[in-house]
Structure formats: C-alpha cells, structure tokens
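First comes the structure, then the notes that go with it.
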Amino acid sequence: MKKIALLIVAVMLALPGMAQKKSELASQIHSLDSALQAQNVVIQSLNANVLQLTTLCGNQTMQINALSDSLRTMRNLRDSIRTLRRDLAELSRQYDAKIASLTKQIADLPKGEGSAAPELKTQKDTIINTVNQFVEAYNDGNQEEWLKYVLHPEKIGKLSLFEKRAYRVSANSPVRQFTYKTSTWFEVSETYFVKKEGDTYKLDYESSFAYNKTTLKEFEISKNTTPHTFKVEIRLSSDNYNEVFSEDRYYCFSTSDASTSFVSFYVKKNSEAGKKLYELTKKGGKIKVIVEAKYVREQNTEYYDIQPVITRFIQEGWITE
C-alpha cells in the first residue's frame with residue numbers, strides 16, 4: 001500500500017510537469033514552422049535574384065557566387081530547422097505516451113479502502129484541523145496539549161477558566177477570513193477565532209470562548225457597583241417593563257456570555273454607549289461586543305431598584321489582539 005501511495009504521489013507530481021513540457025514543445029514547434037516558412041520565402045526570393053542576375057548580368061560572377069553561397073547557407077539552415085522540428089515532434093509523442101501510461105496506471109490502481117490518492121490540505125482544511133485538535137485535547141482536560149494550539153499559551157495557562165465544553169467543527173463548516181489591525185484572522189463556524197502567524201494558525205482562546213474574568217452569573221450575584229468589562233452577545237429587547245429603569249430613558253438588552261448566563265443590561269438612551277448599541281442592534285439579531293457595566297441604584301417617586309447598566313461601549317467583536 002505504501003508503494004502505491006508513493007507511486008500516486010510521483011504520478012501527481014510528474015503529470016503537471018509533463019503537461020507543461022508538452023505545451024512548451026508545441027510552442028517551439030509552432031515557432032520553428034513559422035521560421036521554416038519564412039526561410040522558404042527568402043530562398044524563393046534568392047532563387048529569383050540568381051536567375052535575374054544570371055540572365056541580365058552574366059558578367060557579375062562574384063555577385064552571383066556570393067548569392068549562391070547565401071542560398072546554400074539558407075538551405076542548410078532550413079534543413080537544420082526541419083531536422084530539429086522532427087526531433088521535437090518525436091519528443092512530444094514520447095511525452096504523450098508517458099502521460100497516457102501514467103494515466104492508465106492511476107486508473108488501474110485498486111479502489112479499496114485506503115487506496116485513494118492523498119489530497120493536499122487546503123488552507124481551510126488546515127484551519128479546521130487545528131480547531132478540532134484543540135477541541136479534542138481541551139475536552140480531554142489535557143491542558144499541556146491544547147495550549148499548543150492557542151495564542152499566548154503562557155498567559156492562558158494562568159487564567160482561572162470556567163468549565164465549558166468545546167465542540168468540533170465539520171469539514172463543511174464556514175470559514176470567514178477578515179483583517180483586524182493588519183493581521184489575518186479566520187472565524188470558524190461563527191464560534192472560533194483563529195489568527196494566522198506565518199505558516200501556522202493559532203486559536204484565540206479569549207475571543208473564541210468570550211472569556212471574562214468575572215462571569216455574568218458571578219456579576220449578577222455580587223451586584224457589584226464597580227465597572228467590569230464583559231465580552232457578551234447582545235440583543236435589543238422589547239420587554240422593558242421596569243418602572244424605575246423605564247423605557248422612556250433606558251434601552252434594555254438581553255445579554256449572554258460563554259458561561260451560558262443571561263442577564264438583562266440597561267443603558268441610557270442619550271448616552272454614547274446607548275446610541276452606539278442601538279444602531280448596531282436595531283435591525284434585530286445578536287452581535288458580539290465588549291462593554292463595561294456595573295450595578296446602579298435608581299429610584300422614582302414610589303420605588304427603587306438596582307440593575308446592571310452599561311456605562312461604556314468598548315468595541316464590536318471579541319478580538320483584542
């Protein structure tokens with residue numbers, strides 16, 4: 001089986017080169033045919049000149065001899081071109097025979113399991129393979145192994161990570177290429193973010209898992225009034241029935257993070273963060289953003305309430321490289 005695989009690889013490598021060589025030979029033959037035709041025209045012209053000089057200028061022997069020498073030279077050159085053309089035509093036929101033989105060898109190979117020709121990996125194949133190697137090691141709890149596939153492993157290895165299962169991606173998963181701060185990035189299946197570094201690809205753990213030092217669940221329990229930064233998916237909500245953080249002054253957003261916690265965030269409509277988030281979400285759907293939020297206490301004439309309020313919009317997207 002190994003010999004068959006080696007033969008296939010040799011064939012795959014040889015065929016393009018032979019086809020290219022055949023094309024080059026055909027081009028050379030065409031050029032030689034054109035040159036041969038041109039030489040025939042010149043020879044005919046010289047023959048006419050010799051005949052004219054012989055008839056009209058019988059005493060100009062030197063000129064006739066010179067023209068005769070030129071004529072012999074041109075005939076010799078024409079004969080050489082013809083010989084070269086025959087040689088090139090024969091070489092072209094040999095290449096045709098080799099290509100046909102190699103093609104037949106491929107067709108005659110056994111079609112059993114494992115006999116298919118090895119496919120060269122595309123960029124998409126390499127990226128998806130990198131993600132799946134990470135996922136396998138990550139779900140096995142092999143941190144030493146999965147850190148090989150992430151950016152800044154020395155930093156990620158020190159983070160306090162929450163438990164979240166990673167999911168493999170199929171070979172048909174969408175891979176979107178984009179540029180962020182002059183670097184080439186790939187979004188795989190709208191979940192994983194991979195950065196190209198030279199000829200290698202590394203997964204950005206923090207953006208792929210929307211890593212936050214404090215999860216939304218922890219934030220909700222603590223009711224912390226100190227601003228916290230969050231990577232979240234956010235969607236404009238129409239269900240704002242809060243009488244203190246009322247809809248005439250606040251937008252309400254349904255917000256989730258990678259810990260699968262869901263929290264309603266509020267943001268003042270007249271704030272820069274409120275205006276920006278509304279523009280991004282007014283057409284519906286969820287978007288990935290980084291925001292700063294804290295718990296704020298407010299009251300009206302009858303009630304008071306404390307809710308998480310977005311105080312600053314940082315950026316759209318989770319990549320921070």
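Letters A, B, ... mark the chains of the structure tokens in the order given; residue numbers begin at 1 per chain; ligand numbers begin at 1, in order shown.
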Residue contacts of A:Asp79 (12 Å, only C-alpha atoms) excluding same-chain residues fewer than 4 positions away, as a ChimeraX atom specification: /A:32,35-36,39-40,72-75,83-86
Strand (DSSP E) per DSSP on the backbone: members of stretch 50-263 of chain A, as a ChimeraX atom specification: /A:175-180,183-188,192-197,200-203,228-237,250-256,262-263
List the neighbours of A:Glu190 out to 9 Å using only C-alpha atoms; skip same-chain residues closer than 5 positions along the sequence, and give me the result as an mmCIF file with C-alpha atoms, in the first residue's frame.
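After the write, selection11.cif holds the following:
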data_model
loop_
_atom_site.group_PDB
_atom_site.id
_atom_site.type_symbol
_atom_site.label_atom_id
_atom_site.label_comp_id
_atom_site.auth_asym_id
_atom_site.auth_seq_id
_atom_site.Cartn_x
_atom_site.Cartn_y
_atom_site.Cartn_z
ATOM 1 C CA PRO A 174 -17.997 28.094 7.139
ATOM 2 C CA VAL A 175 -14.618 29.813 7.473
ATOM 3 C CA ARG A 176 -14.666 33.596 7.073
#
Residues within 12 Å of A:Ser31, only C-alpha atoms, excluding chain neighbours under 6 positions, as a list in words: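 Within the cut-off, the hits are Glu24, Leu25, Gln37, Ala38, Ile81, Arg82, Leu84, Arg85 and Leu88 of chain A.
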Among listed residues A:Phe219, A:Ile156, A:Arg312, A:Gln28, nearest A:Glu144 (using only C-alpha atoms):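 Checking each of A:Phe219, A:Ile156, A:Arg312, A:Gln28 against A:Glu144, counting only C-alpha atoms, the winner is A:Ile156.
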Selection near A:Cys252, 8 Å with only C-alpha atoms, sequence-local residues under 4 positions removed, as a VMD selection string: chain A and resid 236 to 240 247 264 to 267
Filtering to N, CA and C atoms, could you give me those residues as a PDB file, in the first residue's frame?
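And here's part_17.pdb as it stands now:
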ATOM      1  N   LEU A 236     -31.164  43.655  21.284  1.00  0.00           N
ATOM      2  CA  LEU A 236     -32.126  44.654  21.755  1.00  0.00           C
ATOM      3  C   LEU A 236     -33.415  43.954  22.157  1.00  0.00           C
ATOM      4  N   SER A 237     -33.884  44.254  23.377  1.00  0.00           N
ATOM      5  CA  SER A 237     -35.090  43.617  23.903  1.00  0.00           C
ATOM      6  C   SER A 237     -36.246  44.601  23.918  1.00  0.00           C
ATOM      7  N   SER A 238     -37.424  44.083  23.619  1.00  0.00           N
ATOM      8  CA  SER A 238     -38.633  44.929  23.681  1.00  0.00           C
ATOM      9  C   SER A 238     -39.383  44.731  24.988  1.00  0.00           C
ATOM     10  N   ASP A 239     -38.834  43.893  25.863  1.00  0.00           N
ATOM     11  CA  ASP A 239     -39.518  43.564  27.118  1.00  0.00           C
ATOM     12  C   ASP A 239     -38.971  44.373  28.285  1.00  0.00           C
ATOM     13  N   ASN A 240     -39.090  45.675  28.208  1.00  0.00           N
ATOM     14  CA  ASN A 240     -38.640  46.516  29.314  1.00  0.00           C
ATOM     15  C   ASN A 240     -39.862  47.005  30.092  1.00  0.00           C
ATOM     16  N   GLU A 247     -38.557  52.581  29.988  1.00  0.00           N
ATOM     17  CA  GLU A 247     -38.206  52.563  28.577  1.00  0.00           C
ATOM     18  C   GLU A 247     -38.143  53.948  27.960  1.00  0.00           C
ATOM     19  N   SER A 264     -30.268  40.796  31.805  1.00  0.00           N
ATOM     20  CA  SER A 264     -30.763  41.985  31.115  1.00  0.00           C
ATOM     21  C   SER A 264     -29.926  43.186  31.524  1.00  0.00           C
ATOM     22  N   PHE A 265     -29.283  43.804  30.551  1.00  0.00           N
ATOM     23  CA  PHE A 265     -28.498  45.009  30.788  1.00  0.00           C
ATOM     24  C   PHE A 265     -29.315  46.226  30.337  1.00  0.00           C
ATOM     25  N   TYR A 266     -29.140  47.311  31.066  1.00  0.00           N
ATOM     26  CA  TYR A 266     -29.781  48.563  30.693  1.00  0.00           C
ATOM     27  C   TYR A 266     -28.711  49.567  30.275  1.00  0.00           C
ATOM     28  N   VAL A 267     -29.109  50.515  29.426  1.00  0.00           N
ATOM     29  CA  VAL A 267     -28.190  51.566  29.017  1.00  0.00           C
ATOM     30  C   VAL A 267     -29.015  52.809  28.714  1.00  0.00           C
TER      31      VAL A 267
END
Atom CA of A:Tyr180 to atom CA of A:Ser271, distance in Å rounded to a single decimal: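 Going from atom CA of A:Tyr180 over to atom CA of A:Ser271 covers 27.0 Å.
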Counting only C-alpha atoms, the option among A:Ala26, A:Ile127, A:Ile43, A:Ala210 closest to A:Glu197: A:Ile127
All alpha helix (DSSP H) positions in stretch 169-309 of chain A, as an NGL selection string: :A and (205-208 or 216-222 or 272-281)
Among the residues A:Gln20, A:Lys124, A:Glu218, A:Gln63, the one that comes closest to A:Ile99 [using only C-alpha atoms]: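 Using only C-alpha atoms, the shortest distance to A:Ile99 belongs to A:Gln20.
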Atom pair atom CA of A:Thr229 / atom CA of A:Gln143: separation (Å):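 Here the two named atoms are 25.9 Å from each other.
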Within 10 Å of A:Gln123, counting only C-alpha atoms, which residues qualify if same-chain residues fewer than 3 places away don't, as a compact mmCIF listing (two decimals) with C-alpha atoms, in the first residue's frame?
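Written out: out-v5.txt:
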# COMPACT_ATOMS: atom_id res chain seq x y z
CA LEU A 120 -3.17 18.11 -0.35
CA THR A 126 -5.62 23.18 7.97
CA ILE A 127 -7.61 25.72 10.00
CA ILE A 128 -10.46 23.29 10.76
CA ASN A 129 -7.94 20.58 11.67
CA VAL A 175 -14.62 29.81 7.47
CA ASP A 199 2.57 29.42 8.09
CA TYR A 201 -2.70 29.02 12.73
Selection near A:Glu233, 8 Å with only C-alpha atoms, sequence-local residues under 5 positions removed, as a ChimeraX atom specification: /A:255-257,286-289
